[in-house]
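Asker: Enclosed is the structure file input02.txt (compact mmCIF, C-alpha atoms).
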# COMPACT_ATOMS: atom_id res chain seq x y z
CA MET A 1 84.61 47.30 -11.56
CA ALA A 2 81.86 49.10 -13.43
CA GLN A 3 78.61 47.58 -14.66
CA GLN A 4 78.61 45.20 -17.62
CA VAL A 5 79.06 46.95 -20.95
CA TYR A 6 76.92 45.49 -23.77
CA PHE A 7 77.52 45.46 -27.52
CA GLU A 8 74.50 47.72 -28.05
CA ASP A 9 75.96 50.37 -25.71
CA VAL A 10 79.11 50.81 -27.78
CA ASN A 11 79.53 53.26 -30.66
CA GLU A 12 82.40 53.78 -33.05
CA GLY A 13 84.50 56.69 -31.81
CA ASP A 14 83.66 56.11 -28.13
CA GLU A 15 86.53 56.37 -25.69
CA ILE A 16 86.56 53.66 -23.05
CA PRO A 17 87.32 54.47 -19.38
CA SER A 18 91.04 55.16 -19.05
CA LEU A 19 93.38 53.53 -16.54
CA LYS A 20 96.17 55.49 -14.87
CA LYS A 21 99.33 53.70 -13.79
CA ASN A 22 102.46 54.94 -12.05
CA CYS A 23 105.11 52.31 -11.40
CA SER A 24 107.39 52.33 -8.42
CA THR A 25 110.67 50.48 -8.89
CA GLN A 26 109.16 47.96 -6.45
CA GLN A 27 106.36 47.28 -8.94
CA LEU A 28 108.97 46.70 -11.66
CA VAL A 29 110.67 44.12 -9.43
CA LEU A 30 107.27 42.46 -8.86
CA TRP A 31 106.81 42.39 -12.62
CA ALA A 32 110.29 40.93 -13.15
CA ALA A 33 109.32 38.06 -10.85
CA GLY A 34 105.81 37.72 -12.26
CA SER A 35 106.87 37.72 -15.90
CA GLY A 36 110.30 36.08 -15.67
CA ASP A 37 112.01 39.03 -17.39
CA PHE A 38 115.05 39.78 -15.25
CA TYR A 39 116.86 42.17 -17.62
CA GLN A 40 118.67 44.58 -15.28
CA ILE A 41 117.74 47.79 -17.15
CA HIS A 42 114.37 47.47 -15.38
CA TYR A 43 115.62 47.56 -11.77
CA ASP A 44 119.37 48.35 -11.62
CA LYS A 45 120.02 52.06 -12.24
CA ASP A 46 123.81 51.68 -12.65
CA PHE A 47 123.31 48.87 -15.14
CA ALA A 48 120.67 50.85 -17.06
CA GLN A 49 122.90 53.94 -17.24
CA GLY A 50 125.81 51.73 -18.31
CA THR A 51 123.83 50.80 -21.43
CA GLY A 52 123.30 54.49 -22.25
CA LEU A 53 119.79 54.82 -20.84
CA PRO A 54 118.96 57.82 -18.63
CA GLY A 55 117.85 55.40 -15.90
CA ILE A 56 115.59 52.48 -15.14
CA ILE A 57 112.85 51.99 -17.74
CA VAL A 58 109.46 50.28 -17.50
CA HIS A 59 109.18 46.85 -19.19
CA GLY A 60 107.39 46.98 -22.54
CA ALA A 61 105.51 43.81 -21.68
CA LEU A 62 104.21 45.42 -18.46
CA LYS A 63 102.71 48.25 -20.52
CA HIS A 64 101.17 45.59 -22.75
CA ALA A 65 99.72 43.92 -19.64
CA PHE A 66 98.37 47.31 -18.47
CA LEU A 67 96.45 47.47 -21.75
CA GLY A 68 95.15 43.99 -20.90
CA GLN A 69 93.84 45.35 -17.61
CA LEU A 70 92.33 48.39 -19.37
CA LEU A 71 90.36 46.01 -21.61
CA HIS A 72 89.49 43.50 -18.89
CA ASP A 73 88.15 46.16 -16.54
CA TRP A 74 86.02 47.57 -19.36
CA ILE A 75 84.43 44.28 -20.52
CA ALA A 76 84.26 42.17 -17.32
CA PRO A 77 82.54 40.06 -16.25
CA ALA A 78 80.91 38.73 -19.45
CA GLY A 79 83.11 40.11 -22.25
CA GLU A 80 86.13 38.31 -23.72
CA ILE A 81 89.47 39.62 -24.90
CA ARG A 82 90.04 38.04 -28.33
CA ARG A 83 93.26 39.83 -29.24
CA PHE A 84 95.39 42.65 -27.92
CA GLY A 85 98.79 43.90 -28.90
CA CYS A 86 101.01 46.94 -29.03
CA SER A 87 104.35 48.16 -30.33
CA TYR A 88 106.96 49.61 -28.04
CA ARG A 89 107.69 53.05 -29.48
CA GLY A 90 108.84 55.05 -26.51
CA MET A 91 110.29 54.53 -23.07
CA ASP A 92 108.42 55.09 -19.83
CA TYR A 93 110.06 55.65 -16.49
CA PRO A 94 109.24 54.75 -12.87
CA ASN A 95 107.29 57.30 -10.82
CA GLN A 96 105.77 58.87 -13.92
CA ASP A 97 102.14 58.53 -14.96
CA ILE A 98 101.37 56.03 -17.69
CA LEU A 99 97.87 56.64 -18.97
CA CYS A 100 96.18 53.69 -20.69
CA ARG A 101 93.46 54.64 -23.16
CA GLY A 102 91.29 53.10 -25.83
CA VAL A 103 88.92 54.27 -28.58
CA VAL A 104 86.36 52.11 -30.40
CA LYS A 105 87.30 51.83 -34.07
CA ARG A 106 84.70 49.40 -35.40
CA LYS A 107 81.90 47.13 -34.19
CA TYR A 108 80.66 44.17 -36.16
CA GLU A 109 79.24 40.66 -35.90
CA ASP A 110 81.14 37.64 -37.13
CA GLY A 111 80.10 34.00 -36.77
CA GLY A 112 77.64 34.85 -33.99
CA ARG A 113 80.21 36.91 -32.05
CA ARG A 114 79.66 40.57 -31.32
CA LEU A 115 83.08 42.08 -31.79
CA VAL A 116 84.54 45.48 -31.06
CA GLU A 117 87.88 46.63 -32.47
CA LEU A 118 89.76 49.31 -30.63
CA ASP A 119 92.86 51.43 -30.85
CA VAL A 120 94.59 51.16 -27.49
CA TRP A 121 97.72 52.82 -26.22
CA THR A 122 99.73 54.02 -23.26
CA GLU A 123 100.76 57.64 -23.14
CA ASN A 124 103.43 59.45 -21.15
CA PRO A 125 102.99 62.75 -19.23
CA ASP A 126 103.73 64.66 -22.48
CA GLY A 127 100.82 62.91 -24.21
CA LYS A 128 103.14 60.87 -26.45
CA LYS A 129 101.84 57.40 -27.33
CA THR A 130 104.62 55.15 -26.06
CA SER A 131 102.82 51.82 -26.75
CA PRO A 132 100.28 52.15 -29.56
CA GLY A 133 98.29 49.05 -30.38
CA THR A 134 94.99 47.48 -31.31
CA ALA A 135 92.58 45.06 -29.66
CA THR A 136 89.47 43.04 -30.40
CA VAL A 137 86.98 42.11 -27.69
CA ALA A 138 83.69 40.19 -27.78
CA LEU A 139 80.79 41.70 -25.85
CA PRO A 140 77.50 40.22 -24.67
CA SER A 141 74.21 41.40 -26.15
CA ARG A 142 71.23 42.84 -24.33
CA GLY A 143 69.05 40.85 -26.75
CA MET B 1 117.95 55.99 -47.88
CA THR B 2 121.15 54.20 -48.72
CA THR B 3 121.10 50.65 -49.98
CA GLN B 4 122.37 48.30 -47.32
CA GLN B 5 123.67 44.87 -47.95
CA SER B 6 121.20 42.32 -46.64
CA VAL B 7 122.10 40.60 -43.37
CA ILE B 8 119.59 37.82 -44.02
CA THR B 9 121.49 34.64 -44.77
CA ASP B 10 120.40 31.44 -46.48
CA GLU B 11 120.46 29.77 -43.07
CA MET B 12 117.98 32.35 -41.78
CA ARG B 13 115.73 32.03 -44.82
CA ALA B 14 115.68 28.24 -44.33
CA ALA B 15 114.62 28.70 -40.68
CA VAL B 16 111.42 30.61 -41.53
CA GLY B 17 108.36 28.55 -40.70
CA VAL B 18 110.30 25.78 -38.95
CA GLU B 19 108.97 25.05 -35.46
CA GLY B 20 111.49 24.91 -32.64
CA PRO B 21 111.35 22.35 -29.81
CA PRO B 22 108.22 22.65 -27.65
CA THR B 23 108.37 24.39 -24.25
CA THR B 24 106.19 23.37 -21.32
CA LEU B 25 104.54 26.11 -19.28
CA GLU B 26 102.75 25.57 -15.99
CA VAL B 27 99.83 27.79 -15.02
CA GLU B 28 99.82 27.83 -11.21
CA LYS B 29 97.62 29.76 -8.79
CA THR B 30 100.53 31.55 -7.15
CA ASN B 31 101.96 32.67 -10.50
CA CYS B 32 98.57 33.95 -11.67
CA ARG B 33 98.30 35.97 -8.47
CA MET B 34 101.87 37.25 -8.77
CA PHE B 35 101.36 38.39 -12.37
CA ALA B 36 98.00 40.01 -11.54
CA ARG B 37 99.51 41.74 -8.51
CA ALA B 38 102.45 43.05 -10.57
CA VAL B 39 100.02 44.59 -13.07
CA GLY B 40 97.68 45.89 -10.40
CA HIS B 41 94.58 43.92 -11.36
CA THR B 42 91.65 44.26 -8.95
CA ASP B 43 89.26 41.59 -10.29
CA PRO B 44 89.12 38.73 -7.72
CA ILE B 45 89.01 36.04 -10.47
CA PHE B 46 92.80 36.51 -10.73
CA TYR B 47 93.38 35.92 -6.99
CA ASP B 48 90.56 33.93 -5.38
CA GLU B 49 89.61 30.45 -6.55
CA GLN B 50 86.11 30.63 -5.06
CA ALA B 51 85.43 33.95 -6.79
CA ALA B 52 86.65 32.50 -10.09
CA LYS B 53 84.48 29.38 -9.71
CA ALA B 54 81.47 31.53 -8.83
CA ARG B 55 81.97 33.25 -12.19
CA GLY B 56 82.06 29.90 -14.02
CA TYR B 57 85.80 29.32 -14.34
CA ARG B 58 87.57 26.08 -13.43
CA SER B 59 90.02 27.87 -11.14
CA ILE B 60 91.90 31.17 -10.83
CA VAL B 61 92.05 32.77 -14.29
CA ALA B 62 95.37 33.56 -15.98
CA PRO B 63 95.44 37.38 -16.31
CA PRO B 64 95.73 38.88 -19.83
CA GLY B 65 99.29 38.38 -21.04
CA PHE B 66 100.05 35.47 -18.68
CA LEU B 67 100.41 32.11 -20.39
CA GLY B 68 102.20 30.18 -17.66
CA THR B 69 105.69 29.83 -16.28
CA PRO B 70 108.41 27.87 -18.08
CA ILE B 71 109.87 25.07 -15.99
CA PHE B 72 113.23 26.22 -14.70
CA ARG B 73 116.15 23.85 -14.98
CA PRO B 74 119.54 24.76 -13.50
CA GLY B 75 121.97 25.34 -16.34
CA GLY B 76 119.19 25.19 -18.91
CA ALA B 77 118.12 27.88 -21.32
CA ALA B 78 116.37 30.78 -19.60
CA GLY B 79 113.75 33.06 -20.97
CA VAL B 80 110.16 33.23 -22.03
CA PRO B 81 109.43 31.34 -25.26
CA GLY B 82 108.63 33.51 -28.19
CA GLU B 83 109.33 36.86 -26.52
CA THR B 84 112.92 37.43 -27.43
CA GLY B 85 114.07 33.84 -27.04
CA GLY B 86 114.77 31.29 -29.70
CA GLN B 87 117.54 30.70 -32.13
CA ARG B 88 120.13 33.43 -32.62
CA PHE B 89 121.76 33.97 -35.95
CA SER B 90 125.09 35.49 -36.77
CA ILE B 91 124.28 39.03 -37.84
CA PRO B 92 126.30 42.24 -37.49
CA TYR B 93 123.80 44.01 -35.17
CA LYS B 94 124.56 43.94 -31.45
CA ARG B 95 121.58 45.68 -29.90
CA VAL B 96 118.18 44.11 -29.37
CA LEU B 97 114.78 45.71 -28.73
CA ASN B 98 111.44 44.09 -28.07
CA GLY B 99 109.43 45.71 -30.87
CA GLY B 100 105.97 44.63 -29.85
CA THR B 101 103.71 41.89 -28.59
CA GLU B 102 100.30 40.71 -29.67
CA TYR B 103 98.26 37.94 -28.07
CA GLU B 104 95.30 36.23 -29.64
CA TYR B 105 92.99 34.19 -27.40
CA PHE B 106 90.58 31.40 -28.22
CA PRO B 107 88.24 31.33 -25.20
CA GLU B 108 85.75 29.23 -27.19
CA ASN B 109 88.33 26.40 -26.95
CA ASP B 110 89.24 26.97 -23.29
CA VAL B 111 90.05 29.87 -20.98
CA ILE B 112 93.54 29.50 -19.48
CA CYS B 113 93.19 28.76 -15.76
CA ALA B 114 95.41 27.66 -12.88
CA GLY B 115 96.11 23.95 -13.11
CA ASP B 116 96.67 24.03 -16.87
CA THR B 117 99.81 22.74 -18.55
CA ILE B 118 100.54 24.56 -21.78
CA THR B 119 102.78 23.47 -24.62
CA ALA B 120 104.28 26.38 -26.55
CA ARG B 121 105.61 25.91 -30.07
CA SER B 122 107.43 28.79 -31.66
CA LYS B 123 108.55 29.56 -35.18
CA ILE B 124 109.98 32.48 -37.09
CA ALA B 125 107.24 33.94 -39.26
CA GLY B 126 109.59 36.15 -41.25
CA PHE B 127 112.47 38.58 -41.44
CA GLU B 128 112.34 42.13 -42.71
CA GLU B 129 115.02 44.73 -43.14
CA THR B 130 114.45 48.43 -42.87
CA THR B 131 116.23 51.64 -42.01
CA GLY B 132 114.80 53.72 -39.19
CA SER B 133 115.93 56.42 -36.83
CA LEU B 134 118.31 53.89 -35.25
CA GLY B 135 119.89 53.07 -38.61
CA PRO B 136 119.60 49.82 -40.50
CA MET B 137 117.71 47.15 -38.63
CA LEU B 138 116.54 43.59 -38.86
CA ILE B 139 112.99 42.84 -37.77
CA THR B 140 112.23 39.25 -36.81
CA ARG B 141 108.59 38.26 -36.49
CA ARG B 142 107.98 35.20 -34.34
CA GLU B 143 104.76 33.27 -33.86
CA THR B 144 104.08 31.01 -30.87
CA THR B 145 101.11 28.68 -30.50
CA TYR B 146 99.93 27.64 -27.02
CA THR B 147 98.11 24.33 -26.65
CA ASN B 148 96.66 23.12 -23.34
CA GLN B 149 96.63 19.66 -21.75
CA HIS B 150 93.42 18.81 -23.65
CA GLY B 151 95.09 19.49 -27.01
CA LYS B 152 93.18 22.74 -27.48
CA VAL B 153 94.83 25.86 -28.88
CA VAL B 154 94.20 28.52 -26.25
CA ALA B 155 96.40 31.37 -27.46
CA LYS B 156 98.84 32.58 -30.07
CA MET B 157 101.51 35.18 -29.65
CA TYR B 158 103.01 37.34 -32.36
CA GLY B 159 106.26 38.92 -31.24
CA THR B 160 108.55 41.37 -33.00
CA VAL B 161 112.24 41.64 -32.19
CA ILE B 162 114.34 44.49 -33.58
CA GLN B 163 118.10 44.15 -33.95
CA TYR B 164 120.18 47.13 -34.99
How would this structure read if it were set down as structure tokens?

Answerer:
Amino acid sequence: MAQQVYFEDVNEGDEIPSLKKNCSTQQLVLWAAGSGDFYQIHYDKDFAQGTGLPGIIVHGALKHAFLGQLLHDWIAPAGEIRRFGCSYRGMDYPNQDILCRGVVKRKYEDGGRRLVELDVWTENPDGKKTSPGTATVALPSRG
Amino acid sequence: MTTQQSVITDEMRAAVGVEGPPTTLEVEKTNCRMFARAVGHTDPIFYDEQAAKARGYRSIVAPPGFLGTPIFRPGGAAGVPGETGGQRFSIPYKRVLNGGTEYEYFPENDVICAGDTITARSKIAGFEETTGSLGPMLITRRETTYTNQHGKVVAKMYGTVIQY
């Protein structure tokens, strides 16, 4: 984990450190157990192809959780995730890179909190945003 | 765009805003670790109780996106509350997609940690109909509120389910 990032260090337009993921099917099975989502399109190739998919696909909620890690790793230990969400716009597959990225959209103070709004997303090897979303984090001040 | 006949029934309209029965979720150390491991988290506060306490938390911290595990009952309803679960209505669309997930946290009330018992209450926030690349679709927005054992709201989830 990097050093603490402070509110004063952040500027609108900054890109935060990216996080690269690449899921094995084993990781998808771990996620099935960890999340309680046992839909077979995420670990049974025959089942997935039977529904018309090209193969096993990565859980949307896992990509959402990856964005949670992207944010956590950026703001830990003293920052707080206030809100994070994404839409599921494109499929990702096992053994392919999923790059998690974020850009600062706005920083402001509200009720004593120092807040940073970001665009966050996962992108596939073609650079397509498969899970675009937004997030708000609170950061500590140097003051 | 062609005009489609609405699939939203009076029964569905009446269900908007009505809270379903509460679901109990347990936040346990092992489940926090399992979730964190599945994501690939490296921060020890998600694995090691001493490390979490040293950082000021009551116990192992629930990783982002983890709000506890529903209590499993043989023969009971499965599924995670609010995600794609909840009441199903009779509509002509057969296929279901998880459209998106958003979590809002209230750490000023309490940070979710191992040992917590969470009560989730879910309601339909609204229905929308649209036509996209997949054809006509129904979008159901669902809102779930998570309250801990001290009566404090610790999170809300806004989920979108697409049927087409």

Asker: Which residue out of B:Val154, B:Ile118, B:Ile91, B:Met12 has the minimum interatomic distance to chain A when all atoms listed in the file are used?

Answerer: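 Among the listed residues, the smallest separation from chain A belongs to B:Val154.
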
Asker: Which residues come within 7 Å of A:Arg106, counting all atoms listed in the file, excluding same-chain residues fewer than 6 positions away, as a ChimeraX atom specification?

Answerer: /A:12,116-118

Asker: Name the closest residue to B:Ile112 among the candidates B:Ala14, B:Ala54, B:Ala38, B:Ala155; distances are taken between atoms, counting all atoms listed in the file.

Answerer: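 Using all atoms listed in the file, the shortest distance to B:Ile112 belongs to B:Ala155.
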
Asker: Would you mind listing, for every residue of chain A within 10 Å of chain B, the two atoms forming the shortest contact and the distance between them in Å to one decimal, using only C-alpha atoms, sorted by chain and ascending residue number, as a Markdown table?

Answerer:
| residue | atom | partner | partner_atom | distance |
| --- | --- | --- | --- | --- |
| A:Met1 | CA | B:Asp43 | CA | 7.5 |
| A:Lys21 | CA | B:Gly40 | CA | 8.7 |
| A:Cys23 | CA | B:Val39 | CA | 9.4 |
| A:Gln26 | CA | B:Ala38 | CA | 9.3 |
| A:Gln27 | CA | B:Ala38 | CA | 6.0 |
| A:Leu28 | CA | B:Ala38 | CA | 7.6 |
| A:Val29 | CA | B:Ala38 | CA | 8.4 |
| A:Leu30 | CA | B:Ala38 | CA | 5.1 |
| A:Trp31 | CA | B:Ala38 | CA | 4.9 |
| A:Ala32 | CA | B:Ala38 | CA | 8.5 |
| A:Ala33 | CA | B:Met34 | CA | 7.8 |
| A:Gly34 | CA | B:Phe35 | CA | 4.5 |
| A:Ser35 | CA | B:Phe35 | CA | 6.6 |
| A:Gly36 | CA | B:Val80 | CA | 7.0 |
| A:Asp37 | CA | B:Gly79 | CA | 7.2 |
| A:Phe38 | CA | B:Gly79 | CA | 8.9 |
| A:His59 | CA | B:Asn98 | CA | 9.6 |
| A:Gly60 | CA | B:Asn98 | CA | 7.4 |
| A:Ala61 | CA | B:Thr101 | CA | 7.4 |
| A:Leu62 | CA | B:Val39 | CA | 6.9 |
| A:Lys63 | CA | B:Val39 | CA | 8.7 |
| A:His64 | CA | B:Thr101 | CA | 7.4 |
| A:Ala65 | CA | B:Gly65 | CA | 5.7 |
| A:Phe66 | CA | B:Val39 | CA | 6.3 |
| A:Leu67 | CA | B:Pro64 | CA | 8.8 |
| A:Gly68 | CA | B:Pro64 | CA | 5.3 |
| A:Gln69 | CA | B:His41 | CA | 6.5 |
| A:Leu70 | CA | B:His41 | CA | 9.4 |
| A:Leu71 | CA | B:Pro64 | CA | 9.1 |
| A:His72 | CA | B:Pro64 | CA | 7.8 |
| A:Asp73 | CA | B:Asp43 | CA | 7.8 |
| A:Ala76 | CA | B:Asp43 | CA | 8.6 |
| A:Pro77 | CA | B:Arg55 | CA | 7.9 |
| A:Ala78 | CA | B:Arg55 | CA | 9.2 |
| A:Glu80 | CA | B:Pro107 | CA | 7.4 |
| A:Ile81 | CA | B:Tyr105 | CA | 6.9 |
| A:Arg82 | CA | B:Tyr105 | CA | 4.9 |
| A:Arg83 | CA | B:Glu104 | CA | 4.2 |
| A:Phe84 | CA | B:Tyr103 | CA | 5.5 |
| A:Gly85 | CA | B:Glu102 | CA | 3.6 |
| A:Cys86 | CA | B:Gly100 | CA | 5.5 |
| A:Ser87 | CA | B:Gly100 | CA | 3.9 |
| A:Tyr88 | CA | B:Gly100 | CA | 5.4 |
| A:Arg89 | CA | B:Gly99 | CA | 7.7 |
| A:Ser131 | CA | B:Gly100 | CA | 8.4 |
| A:Pro132 | CA | B:Gly100 | CA | 9.4 |
| A:Gly133 | CA | B:Glu102 | CA | 8.6 |
| A:Thr134 | CA | B:Glu102 | CA | 8.8 |
| A:Ala135 | CA | B:Glu102 | CA | 8.9 |
| A:Thr136 | CA | B:Glu104 | CA | 9.0 |
| A:Val137 | CA | B:Tyr105 | CA | 9.9 |

Asker: Would you mind listing what lies within 8 Å of stretch 129-145 of chain B as an MDAnalysis selection string, with all atoms listed in the file counted and same-chain residues fewer than 5 positions away left out?

Answerer: chainID B and resid 1 4 6:7 81:82 93 120:124 153 155:164

Asker: Identify which of the residues A:Lys107, A:Leu99, A:Ser141, A:Tyr39 lies closest to A:Val120, counting all atoms listed in the file when measuring atom-to-atom distances.

Answerer: A:Leu99

Asker: Find the residue from A:Ser18, A:Gln40, A:Asn124, A:Thr130 that sits nearest to A:Arg101; use all atoms listed in the file when measuring.

Answerer: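 For A:Arg101, the nearest of the given residues is A:Ser18.
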
Asker: For a test of reading the model, state the distance in Å between atom CA of B:Ala62 and atom CA of A:Glu8, rounded to one decimal.

Answerer: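 Computed distance, atom CA of B:Ala62 to atom CA of A:Glu8, equals 28.0 Å.
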
Asker: Grab the atom CA of A:Gln96 to atom CA of A:Lys128 distance for me, in Å with one decimal place.

Answerer: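 It comes out at 13.0 Å.
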
Asker: What gap, in Å, lies between atom CA of B:Ala52 and atom CA of A:Arg113?

Answerer: 23.3 Å

Asker: Report as a count of residues only all protein, DNA and RNA residues lying within 8 Å of B:Ile71, evaluated on all atoms listed in the file, omitting residues in the same chain fewer than 3 positions from it.

Answerer: 3

Asker: Using all atoms listed in the file, find the one residue out of A:Gly79, A:Arg142, A:Gln3, A:Asp14 that sits nearest to A:Leu115.

Answerer: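 Distance minimum relative to A:Leu115 lands on A:Gly79.
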
Asker: Any chance you could turn stretch 76-91 of chain A into a file with N, CA and C atoms, as a compact mmCIF listing (two decimals), in the first residue's frame?

Answerer:
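Result file is out-v6.txt:
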# COMPACT_ATOMS: atom_id res chain seq x y z
N ALA A 76 -6.46 4.26 1.66
CA ALA A 76 -6.10 3.68 2.96
C ALA A 76 -4.80 4.33 3.46
N PRO A 77 -4.59 4.39 4.77
CA PRO A 77 -5.47 3.87 5.81
C PRO A 77 -6.56 4.84 6.30
N ALA A 78 -6.42 6.16 6.05
CA ALA A 78 -7.29 7.11 6.76
C ALA A 78 -8.50 7.57 5.96
N GLY A 79 -8.54 7.29 4.65
CA GLY A 79 -9.68 7.72 3.85
C GLY A 79 -10.88 6.79 4.03
N GLU A 80 -12.04 7.25 3.57
CA GLU A 80 -13.26 6.43 3.69
C GLU A 80 -13.98 6.39 2.34
N ILE A 81 -14.41 5.21 1.97
CA ILE A 81 -15.29 5.11 0.80
C ILE A 81 -16.69 5.50 1.25
N ARG A 82 -17.27 6.50 0.62
CA ARG A 82 -18.64 6.94 0.96
C ARG A 82 -19.66 6.27 0.03
N ARG A 83 -19.24 6.02 -1.19
CA ARG A 83 -20.18 5.56 -2.22
C ARG A 83 -19.38 5.03 -3.38
N PHE A 84 -19.75 3.90 -3.93
CA PHE A 84 -19.14 3.48 -5.20
C PHE A 84 -20.10 2.57 -5.93
N GLY A 85 -20.18 2.77 -7.22
CA GLY A 85 -21.10 1.97 -8.01
C GLY A 85 -20.69 1.93 -9.46
N CYS A 86 -21.23 0.95 -10.17
CA CYS A 86 -20.95 0.88 -11.61
C CYS A 86 -22.10 0.17 -12.31
N SER A 87 -22.16 0.36 -13.61
CA SER A 87 -23.09 -0.38 -14.46
C SER A 87 -22.31 -1.49 -15.14
N TYR A 88 -23.02 -2.54 -15.50
CA TYR A 88 -22.38 -3.64 -16.19
C TYR A 88 -22.71 -3.53 -17.67
N ARG A 89 -21.76 -3.04 -18.45
CA ARG A 89 -22.02 -2.71 -19.87
C ARG A 89 -21.40 -3.71 -20.82
N GLY A 90 -20.41 -4.44 -20.35
CA GLY A 90 -19.75 -5.37 -21.26
C GLY A 90 -19.21 -6.55 -20.47
N MET A 91 -19.07 -7.67 -21.16
CA MET A 91 -18.60 -8.87 -20.48
C MET A 91 -17.08 -8.91 -20.44
